[in-house]
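Student: The file below is work-v5.pdb, PDB, C-alpha atoms:
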ATOM      1  CA  MET J   1     -18.147 217.715   8.167
ATOM      2  CA  THR J   2     -14.583 217.920   6.863
ATOM      3  CA  GLU J   3     -13.217 215.151   4.676
ATOM      4  CA  TYR J   4      -9.557 214.136   4.546
ATOM      5  CA  ARG J   5      -7.662 211.596   2.484
ATOM      6  CA  ALA J   6      -5.280 209.216   4.231
ATOM      7  CA  LYS J   7      -2.821 206.708   2.840
ATOM      8  CA  ILE J   8      -2.277 203.113   3.975
ATOM      9  CA  PHE J   9       1.329 201.911   4.004
ATOM     10  CA  LYS J  10       3.285 198.925   5.268
ATOM     11  CA  SER J  11       4.993 199.315   8.651
ATOM     12  CA  GLY J  12       6.933 196.181   9.596
ATOM     13  CA  ASN J  13       4.529 193.250   9.311
ATOM     14  CA  SER J  14       1.486 195.499   9.772
ATOM     15  CA  LEU J  15      -0.418 198.057   7.787
ATOM     16  CA  ALA J  16      -0.597 201.631   9.028
ATOM     17  CA  LEU J  17      -2.788 204.570   8.173
ATOM     18  CA  ARG J  18      -1.114 207.960   7.862
ATOM     19  CA  LEU J  19      -3.541 210.564   9.178
ATOM     20  CA  PRO J  20      -3.365 214.294   8.447
ATOM     21  CA  LYS J  21      -1.867 216.507  11.140
ATOM     22  CA  ALA J  22      -4.907 218.767  10.779
ATOM     23  CA  LEU J  23      -6.941 216.231  12.770
ATOM     24  CA  GLY J  24      -5.071 217.348  15.888
ATOM     25  CA  LEU J  25      -4.203 213.853  17.100
ATOM     26  CA  LYS J  26      -1.233 213.404  19.419
ATOM     27  CA  GLU J  27       1.564 210.938  18.702
ATOM     28  CA  GLY J  28       1.137 207.774  20.764
ATOM     29  CA  ALA J  29      -2.574 208.364  21.444
ATOM     30  CA  GLU J  30      -4.606 205.163  21.651
ATOM     31  CA  MET J  31      -7.557 204.928  19.312
ATOM     32  CA  ARG J  32     -10.509 202.558  19.116
ATOM     33  CA  VAL J  33     -11.206 201.410  15.538
ATOM     34  CA  ARG J  34     -14.564 199.907  14.547
ATOM     35  CA  ASP J  35     -15.397 197.985  11.385
ATOM     36  CA  ASP J  36     -19.056 198.296  10.460
ATOM     37  CA  GLY J  37     -19.304 196.212   7.298
ATOM     38  CA  GLY J  38     -16.347 197.868   5.609
ATOM     39  CA  LYS J  39     -17.055 201.352   7.013
ATOM     40  CA  PHE J  40     -14.339 202.169   9.532
ATOM     41  CA  THR J  41     -14.671 204.666  12.341
ATOM     42  CA  PHE J  42     -12.091 205.591  14.928
ATOM     43  CA  GLU J  43     -12.242 207.524  18.177
ATOM     44  CA  PRO J  44     -10.008 208.080  21.193
ATOM     45  CA  ALA J  45      -9.857 205.015  23.438
ATOM     46  CA  ASP J  46     -10.851 205.319  27.056
ATOM     47  CA  VAL J  47      -7.359 205.275  28.500
ATOM     48  CA  LYS J  48      -7.165 204.390  32.170
ATOM     49  CA  ARG J  49      -4.530 206.456  33.881
ATOM     50  CA  LYS J  50      -1.804 204.583  35.673
ATOM     51  CA  ILE J  51      -1.002 205.763  39.162
ATOM     52  CA  ASP J  52       2.672 206.086  40.006
ATOM     53  CA  VAL J  53       3.084 204.649  43.504
ATOM     54  CA  SER J  54       6.869 204.386  43.335
ATOM     55  CA  LYS J  55       7.329 207.307  45.755
ATOM     56  CA  PHE J  56       4.456 206.379  48.045
ATOM     57  CA  TRP J  57       6.436 204.075  50.358
ATOM     58  CA  GLY J  58       6.865 205.728  53.729
ATOM     59  CA  LYS J  59       4.148 208.361  53.187
ATOM     60  CA  ALA J  60       1.880 206.741  55.794
ATOM     61  CA  PRO J  61       4.172 206.042  58.775
ATOM     62  CA  GLY J  62       1.220 205.332  61.089
ATOM     63  CA  LEU J  63      -0.086 202.571  58.839
ATOM     64  CA  ALA J  64       0.494 199.195  60.477
ATOM     65  CA  VAL J  65       0.344 196.150  58.253
ATOM     66  CA  PRO J  66      -0.629 193.003  60.152
ATOM     67  CA  PRO J  67       1.439 189.865  59.514
ATOM     68  CA  ARG J  68      -0.104 187.406  57.092
ATOM     69  CA  GLU J  69      -0.820 184.032  58.594
ATOM     70  CA  ASP J  70      -1.802 182.550  55.236
ATOM     71  CA  PHE J  71       1.626 183.264  53.712
ATOM     72  CA  ASP J  72       3.903 180.257  53.340
ATOM     73  CA  ASP J  73       7.579 181.201  53.169
ATOM     74  CA  PRO J  74       9.154 178.107  51.575
ATOM     75  CA  PRO J  75      12.858 177.344  51.910
ATOM     76  CA  ARG J  76      15.024 178.735  49.137
ATOM     77  CA  VAL J  77      17.638 176.770  47.251
ATOM     78  CA  TRP J  78      20.338 179.377  48.003
ATOM     79  CA  ASP J  79      19.796 178.812  51.728
ATOM     80  CA  ALA J  80      20.877 175.167  51.382
ATOM     81  CA  PRO J  81      24.396 174.326  52.618
ATOM     82  CA  GLY J  82      25.305 172.697  49.269
ATOM     83  CA  TRP J  83      24.520 175.845  47.260
ATOM     84  CA  PRO J  84      27.563 177.805  45.919
ATOM     85  CA  ASP J  85      28.212 180.965  47.962
ATOM     86  CA  TYR J  86      26.015 179.601  50.767
ATOM     87  CA  ARG J  87      25.276 182.383  53.301
ATOM     88  CA  LYS J  88      27.597 184.934  51.629
ATOM     89  CA  HIS J  89      24.630 187.207  50.996
ATOM     90  CA  GLU J  90      24.019 187.818  54.708
TER      91      GLU J  90
END
Would you give me this structure, written as structure tokens?

Tutor:
Amino acid sequence: MTEYRAKIFKSGNSLALRLPKALGLKEGAEMRVRDDGGKFTFEPADVKRKIDVSKFWGKAPGLAVPPREDFDDPPRVWDAPGWPDYRKHE
């Protein structure tokens, strides 16, 4: 087991712990910290990967989405004749 010394410092309104580069941690990595009666342990957090679906639209042209009968499309205030710029957006 290797032992390192780390220094606590103030960062904004929080306290931060400066860890040695030799630990091999990556900047921005999420860590789970546990307090066991004043003995602190930390380990990498189980990070759930986010899926980027921004370019997915149109990838399944045969997929038909049925209309929703439970969806209520209420009237919008900008569709009212008294609203400024009424119907200019069409």

Student: Would you kindly return, as a list of chain:residue names, each protein, DNA or RNA residue with an atom no farther than 7 Å from any atom of range 16-26 of chain J, considering only C-alpha atoms and excluding same-chain residues fewer than 4 positions away?

Tutor: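 Those residues are J:Ala6, J:Lys7, J:Ile8, J:Phe9, J:Lys10, J:Ser11.
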
Student: If you apply the PyMOL selection byres ((chain J and resi 42) around 6) to this file, what residues do you get, as a count of residues only?

Tutor: 4

Student: Calculated over all atoms listed in the file, which of the candidates J:Phe40, J:Asp70, J:Asn13, J:Ala45 has the smallest distance to Gly28 in chain J?

Tutor: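 With all atoms listed in the file as the atom set, the closest residue is J:Ala45.
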
Student: How many Å separate CA of Glu27 in chain J from CA of Met1 in chain J?

Tutor: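 It comes out at 23.4 Å.
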
Student: Between J:Glu30, J:Asp79, J:Asp85, J:Asp72, which has the minimum distance to Asp46 in chain J (counting only C-alpha atoms)?

Tutor: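 Checking each of J:Glu30, J:Asp79, J:Asp85, J:Asp72 against Asp46 in chain J, counting only C-alpha atoms, the winner is J:Glu30.
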